Amino acid sequence: MNAFSKIGEGADAPFYLAQGHECDVFAAAHANTLPVLLKGPTGCGKTRFVSHMAARLGRPLYTVACHDDLSAADLIGRYLLKGGETVWVDGPLTRAVREGAICYLDEVVEARKDVTVVLHPLTDDRRILPIDRTGEELEAAPGFMLVASYNPGYQNILKTLKPSTRQRFVSLQFDFPRPEHEVPVVVRESGLSEERVKSLVRLANKLRALKGQDLEEGVSTRLVVYAATLIAQGMPVERAVLAAMIEPLTDDGDVKCGLLDLVTAVF
Ligand code: ADP
């Protein structure tokens with residue numbers, strides 16, 4: 001069975017700094033029972049945004065990190081042997097549908113093809129989840145919402161969402177925050193001073209500018225938070241930046257040396 005996490009309703013809303021109108025769009029989609037798709041690179045705040053909105057809307061949240069082995073049965077549920085008896089165990093999607101929770105499928109394109117088939121009847125106005133194994137046809141409880149994310153940047157033609165699936169979702173584009181947003185986020189998450197965070201964010205943007213040349217992916221806000229956290233704990237800047245913002249991006253020795261030169265130029 002696939003691992004998933006549940007955050008109960010009534011949890012405190014985790015900190016999320018809005019970049020634009022995404023909170024309003026999400027709340028309106030929820031109020032109108034529309035599914036939402038979040039597009040954007042890894043580590044730019046999508047998961048945090050969903051946790052924040054689920055808490056604000058007072059809905060429990062089921063999060064499933066999708067991977068290439070994840071099947072529809074992992075989401076829906078299966079019969080399991082328990083003490084000599086065969087019992088049906090709901091998967092996270094079925095639980096969310098029954099409880100009127102939000103179900104967040106992170107990196108949905110990674111999942112197996114049969115997952116999309118399950119999502120279609122849930123994302124149109126029928127809002128039903130057919131469970132073939134038990135013969136049930138579940139109608140989604142009020143409050144249920146399907147949220148999915150994917151990273152269009154991976155540019156893997158085999159792993160992209162088909163238009164017939166994409167066009168079932170209200171979609172929001174996420175990107176790395178502008179410096180005036182990223183600085184307060186990193187300060188808040190790491191406890192490092194604003195002055196020092198500003199330099200880190202400047203460096204992050206220089207590294208992001210190298211995407212497509214030396215680097216496949218730009219440095220994420222998550223990694224900037226890691227670097228700032230290590231520095232706030234007393235680690236020298238260069239060591240923290242190497243461990244949290246350079247090593248995770250590349251394995252190429254020459255590229256690493258080039259990136260370290262950028263660090264010296266910024267600090
Ligand atoms: P994603 O789901 O896009 O991979 P996350 O939501 O896990 O990324 O974001 C990574 C980290 O970046 C979060 O744990 C949080 O510390 C920080 N973060 C990014 N954007 C924001 C934001 N707008 N408000 C608050 N924290 C943010």
# chains A, B, ... in the order shown; residues from 1 in each chain; ligands from 1

$ residues_near_ligand --ligand "ligand 1" --cutoff "8 Å" --atoms "only C-alpha atoms and all ligand atoms" --output "PyMOL selection string"
chain A and resi 15-19+40-50+106+174+176-177+181-182+185-186+189+220-223+225

$ select_by_dssp --residues "stretch 26-228 of chain A" --states "alpha helix (DSSP H)" --output "ChimeraX atom specification"
/A:26-31,46-57,72-76,92-99,113-123,163-166,179-190,194-208,221-228

$ write_last_selection --atoms "C-alpha atoms" --output "short mmCIF file (atom, residue, chain, number, x, y, z; two decimals), in the first residue's frame"
data_model
loop_
_atom_site.label_atom_id
_atom_site.label_comp_id
_atom_site.auth_asym_id
_atom_site.auth_seq_id
_atom_site.Cartn_x
_atom_site.Cartn_y
_atom_site.Cartn_z
CA PHE A 26 -8.35 27.96 -4.75
CA ALA A 27 -11.09 29.02 -2.29
CA ALA A 28 -13.48 29.78 -5.16
CA ALA A 29 -12.71 26.43 -6.81
CA HIS A 30 -13.42 24.67 -3.51
CA ALA A 31 -16.69 26.53 -3.01
CA LYS A 46 2.91 24.01 -3.87
CA THR A 47 2.60 21.53 -1.01
CA ARG A 48 2.77 24.29 1.59
CA PHE A 49 0.05 26.17 -0.28
CA VAL A 50 -2.30 23.16 -0.26
CA SER A 51 -1.71 22.53 3.49
CA HIS A 52 -2.36 26.20 4.18
CA MET A 53 -5.58 26.27 2.15
CA ALA A 54 -6.89 22.98 3.59
CA ALA A 55 -6.48 24.40 7.10
CA ARG A 56 -8.06 27.72 6.11
CA LEU A 57 -11.04 25.94 4.58
CA ALA A 72 -5.40 3.10 -8.93
CA ALA A 73 -5.72 0.39 -6.25
CA ASP A 74 -3.21 2.27 -4.06
CA LEU A 75 -5.53 5.27 -4.17
CA ILE A 76 -8.86 3.48 -3.99
CA PRO A 92 -6.50 7.73 0.69
CA LEU A 93 -8.64 8.87 -2.26
CA THR A 94 -11.65 6.84 -1.10
CA ARG A 95 -11.28 8.17 2.43
CA ALA A 96 -11.15 11.73 1.15
CA VAL A 97 -14.23 11.15 -1.01
CA ARG A 98 -16.16 9.70 1.95
CA GLU A 99 -15.04 12.36 4.45
CA LYS A 113 -1.97 5.27 -16.39
CA ASP A 114 -4.92 3.60 -14.63
CA VAL A 115 -4.92 6.45 -12.07
CA THR A 116 -6.12 8.96 -14.69
CA VAL A 117 -9.09 6.76 -15.50
CA VAL A 118 -10.19 6.94 -11.86
CA LEU A 119 -9.83 10.71 -11.75
CA HIS A 120 -12.08 11.46 -14.71
CA PRO A 121 -15.51 10.69 -13.15
CA LEU A 122 -14.36 12.52 -9.99
CA THR A 123 -13.39 15.67 -11.84
CA PRO A 163 -5.05 17.47 -22.66
CA SER A 164 -8.17 15.42 -21.88
CA THR A 165 -7.01 15.24 -18.25
CA ARG A 166 -5.54 18.73 -18.00
CA PRO A 179 12.96 38.28 -4.23
CA GLU A 180 10.51 40.54 -2.34
CA HIS A 181 8.50 37.39 -1.52
CA GLU A 182 11.30 34.87 -1.21
CA VAL A 183 13.30 36.94 1.32
CA PRO A 184 10.51 37.12 3.96
CA VAL A 185 9.67 33.42 3.37
CA VAL A 186 13.28 32.32 3.97
CA VAL A 187 13.67 34.66 6.98
CA ARG A 188 10.52 33.26 8.54
CA GLU A 189 11.42 29.61 7.84
CA SER A 190 15.08 29.77 8.89
CA GLU A 194 17.11 39.61 6.45
CA GLU A 195 20.46 41.03 5.35
CA ARG A 196 22.05 37.58 5.06
CA VAL A 197 18.95 36.06 3.44
CA LYS A 198 19.02 38.80 0.79
CA SER A 199 22.50 37.65 -0.30
CA LEU A 200 21.37 34.01 -0.42
CA VAL A 201 18.34 34.90 -2.54
CA ARG A 202 20.57 36.96 -4.86
CA LEU A 203 22.79 33.90 -5.25
CA ALA A 204 19.76 31.65 -5.83
CA ASN A 205 18.62 33.88 -8.69
CA LYS A 206 22.08 33.82 -10.26
CA LEU A 207 22.00 30.01 -10.08
CA ARG A 208 18.48 29.95 -11.56
CA THR A 221 13.12 27.87 -2.31
CA ARG A 222 13.29 24.70 -0.21
CA LEU A 223 17.08 24.54 -0.76
CA VAL A 224 17.50 28.26 0.02
CA VAL A 225 15.64 27.61 3.30
CA TYR A 226 18.01 24.67 4.02
CA ALA A 227 21.11 26.83 3.40
CA ALA A 228 19.74 29.65 5.55
#

$ closest_residue --among "A:Ala101, A:Arg133, A:Pro142, A:Arg127" --to "A:Arg78" --atoms "only C-alpha atoms"
A:Arg133

$ select_by_dssp --residues "stretch 4-252 of chain A" --states "strand (DSSP E)" --output "PyMOL selection string"
chain A and resi 4-7+36-39+61-65+77-82+85-90+102-106+128-131+136-139+145-150+170-173

$ write_last_selection --atoms "N, CA and C atoms" --output "short mmCIF file (atom, residue, chain, number, x, y, z; two decimals), in the first residue's frame"
data_model
loop_
_atom_site.label_atom_id
_atom_site.label_comp_id
_atom_site.auth_asym_id
_atom_site.auth_seq_id
_atom_site.Cartn_x
_atom_site.Cartn_y
_atom_site.Cartn_z
N PHE A 4 0.87 7.58 2.55
CA PHE A 4 0.23 8.87 2.38
C PHE A 4 0.15 9.50 3.74
N SER A 5 -0.13 10.80 3.78
CA SER A 5 -0.25 11.44 5.08
C SER A 5 -1.60 12.11 5.19
N LYS A 6 -2.09 12.20 6.43
CA LYS A 6 -3.35 12.89 6.66
C LYS A 6 -3.15 13.98 7.71
N ILE A 7 -3.66 15.16 7.39
CA ILE A 7 -3.70 16.23 8.39
C ILE A 7 -5.17 16.45 8.71
N VAL A 36 -8.43 21.33 -8.84
CA VAL A 36 -7.36 22.31 -9.12
C VAL A 36 -6.06 21.58 -9.45
N LEU A 37 -5.35 22.10 -10.46
CA LEU A 37 -4.04 21.57 -10.85
C LEU A 37 -2.99 22.64 -10.58
N LEU A 38 -1.93 22.27 -9.87
CA LEU A 38 -0.84 23.21 -9.59
C LEU A 38 0.35 22.83 -10.46
N LYS A 39 0.81 23.77 -11.27
CA LYS A 39 1.93 23.49 -12.16
C LYS A 39 3.14 24.27 -11.66
N LEU A 61 -6.84 16.91 5.09
CA LEU A 61 -6.04 16.83 3.86
C LEU A 61 -5.32 15.49 3.78
N TYR A 62 -5.53 14.79 2.67
CA TYR A 62 -4.77 13.57 2.37
C TYR A 62 -3.77 13.91 1.28
N THR A 63 -2.49 13.67 1.55
CA THR A 63 -1.46 13.94 0.55
C THR A 63 -0.83 12.62 0.11
N VAL A 64 -0.77 12.42 -1.20
CA VAL A 64 -0.14 11.22 -1.74
C VAL A 64 1.00 11.65 -2.66
N ALA A 65 2.22 11.20 -2.36
CA ALA A 65 3.36 11.48 -3.24
C ALA A 65 3.35 10.40 -4.32
N GLY A 77 -8.10 1.55 -2.74
CA GLY A 77 -8.14 0.60 -1.63
C GLY A 77 -8.08 -0.82 -2.16
N ARG A 78 -8.00 -1.78 -1.24
CA ARG A 78 -7.92 -3.18 -1.66
C ARG A 78 -8.34 -4.08 -0.51
N TYR A 79 -8.61 -5.34 -0.87
CA TYR A 79 -8.90 -6.34 0.16
C TYR A 79 -7.58 -6.78 0.78
N LEU A 80 -7.54 -6.82 2.11
CA LEU A 80 -6.34 -7.26 2.80
C LEU A 80 -6.71 -8.38 3.77
N LEU A 81 -5.74 -9.27 4.00
CA LEU A 81 -5.97 -10.35 4.98
C LEU A 81 -5.67 -9.81 6.37
N LYS A 82 -6.67 -9.90 7.26
CA LYS A 82 -6.45 -9.42 8.63
C LYS A 82 -6.98 -10.47 9.59
N GLU A 85 -9.14 -13.10 8.11
CA GLU A 85 -10.32 -12.62 7.38
C GLU A 85 -9.90 -11.65 6.28
N THR A 86 -10.68 -11.63 5.24
CA THR A 86 -10.39 -10.67 4.18
C THR A 86 -11.25 -9.43 4.40
N VAL A 87 -10.58 -8.30 4.58
CA VAL A 87 -11.36 -7.07 4.82
C VAL A 87 -10.98 -6.00 3.80
N TRP A 88 -11.96 -5.19 3.45
CA TRP A 88 -11.71 -4.09 2.52
C TRP A 88 -11.10 -2.92 3.28
N VAL A 89 -10.01 -2.34 2.74
CA VAL A 89 -9.39 -1.17 3.38
C VAL A 89 -9.37 -0.02 2.37
N ASP A 90 -10.02 1.07 2.73
CA ASP A 90 -10.06 2.23 1.84
C ASP A 90 -8.66 2.81 1.63
N ILE A 102 -9.83 17.13 1.34
CA ILE A 102 -9.06 17.49 0.15
C ILE A 102 -8.05 16.38 -0.10
N CYS A 103 -7.95 15.90 -1.33
CA CYS A 103 -6.96 14.88 -1.67
C CYS A 103 -5.95 15.50 -2.62
N TYR A 104 -4.69 15.52 -2.19
CA TYR A 104 -3.63 16.15 -2.99
C TYR A 104 -2.72 15.08 -3.57
N LEU A 105 -2.74 14.97 -4.89
CA LEU A 105 -1.88 14.01 -5.59
C LEU A 105 -0.66 14.75 -6.12
N ASP A 106 0.44 14.63 -5.37
CA ASP A 106 1.65 15.36 -5.70
C ASP A 106 2.37 14.64 -6.85
N ILE A 128 -18.15 11.24 -8.86
CA ILE A 128 -18.30 9.89 -8.29
C ILE A 128 -16.99 9.11 -8.41
N LEU A 129 -16.85 8.17 -7.48
CA LEU A 129 -15.70 7.28 -7.50
C LEU A 129 -16.22 5.85 -7.61
N PRO A 130 -16.10 5.25 -8.77
CA PRO A 130 -16.55 3.85 -8.90
C PRO A 130 -15.50 2.93 -8.28
N ILE A 131 -15.94 2.05 -7.39
CA ILE A 131 -15.00 1.08 -6.80
C ILE A 131 -15.36 -0.30 -7.34
N GLU A 136 -19.23 -0.65 -5.36
CA GLU A 136 -19.78 0.63 -4.87
C GLU A 136 -19.57 1.74 -5.90
N GLU A 137 -20.43 2.69 -5.88
CA GLU A 137 -20.22 3.90 -6.67
C GLU A 137 -20.39 5.06 -5.69
N LEU A 138 -19.27 5.58 -5.21
CA LEU A 138 -19.33 6.59 -4.14
C LEU A 138 -19.53 7.98 -4.71
N GLU A 139 -20.48 8.69 -4.12
CA GLU A 139 -20.64 10.08 -4.50
C GLU A 139 -19.80 10.91 -3.53
N MET A 145 -12.43 17.74 -2.45
CA MET A 145 -11.77 18.45 -3.55
C MET A 145 -10.55 17.66 -3.99
N LEU A 146 -10.38 17.58 -5.29
CA LEU A 146 -9.20 16.91 -5.83
C LEU A 146 -8.19 17.97 -6.26
N VAL A 147 -6.96 17.84 -5.77
CA VAL A 147 -5.89 18.76 -6.15
C VAL A 147 -4.73 17.91 -6.65
N ALA A 148 -4.15 18.29 -7.77
CA ALA A 148 -3.01 17.55 -8.29
C ALA A 148 -1.91 18.53 -8.64
N SER A 149 -0.66 18.05 -8.65
CA SER A 149 0.42 18.93 -9.08
C SER A 149 1.27 18.20 -10.10
N TYR A 150 1.92 18.97 -10.94
CA TYR A 150 2.95 18.38 -11.81
C TYR A 150 3.95 19.43 -12.22
N VAL A 170 -9.09 23.46 -12.95
CA VAL A 170 -8.71 24.88 -12.87
C VAL A 170 -7.21 24.84 -12.56
N SER A 171 -6.40 25.61 -13.28
CA SER A 171 -4.94 25.45 -13.10
C SER A 171 -4.27 26.72 -12.60
N LEU A 172 -3.27 26.51 -11.76
CA LEU A 172 -2.50 27.64 -11.22
C LEU A 172 -1.03 27.40 -11.50
N GLN A 173 -0.37 28.41 -12.04
CA GLN A 173 1.06 28.30 -12.32
C GLN A 173 1.85 28.79 -11.10
#
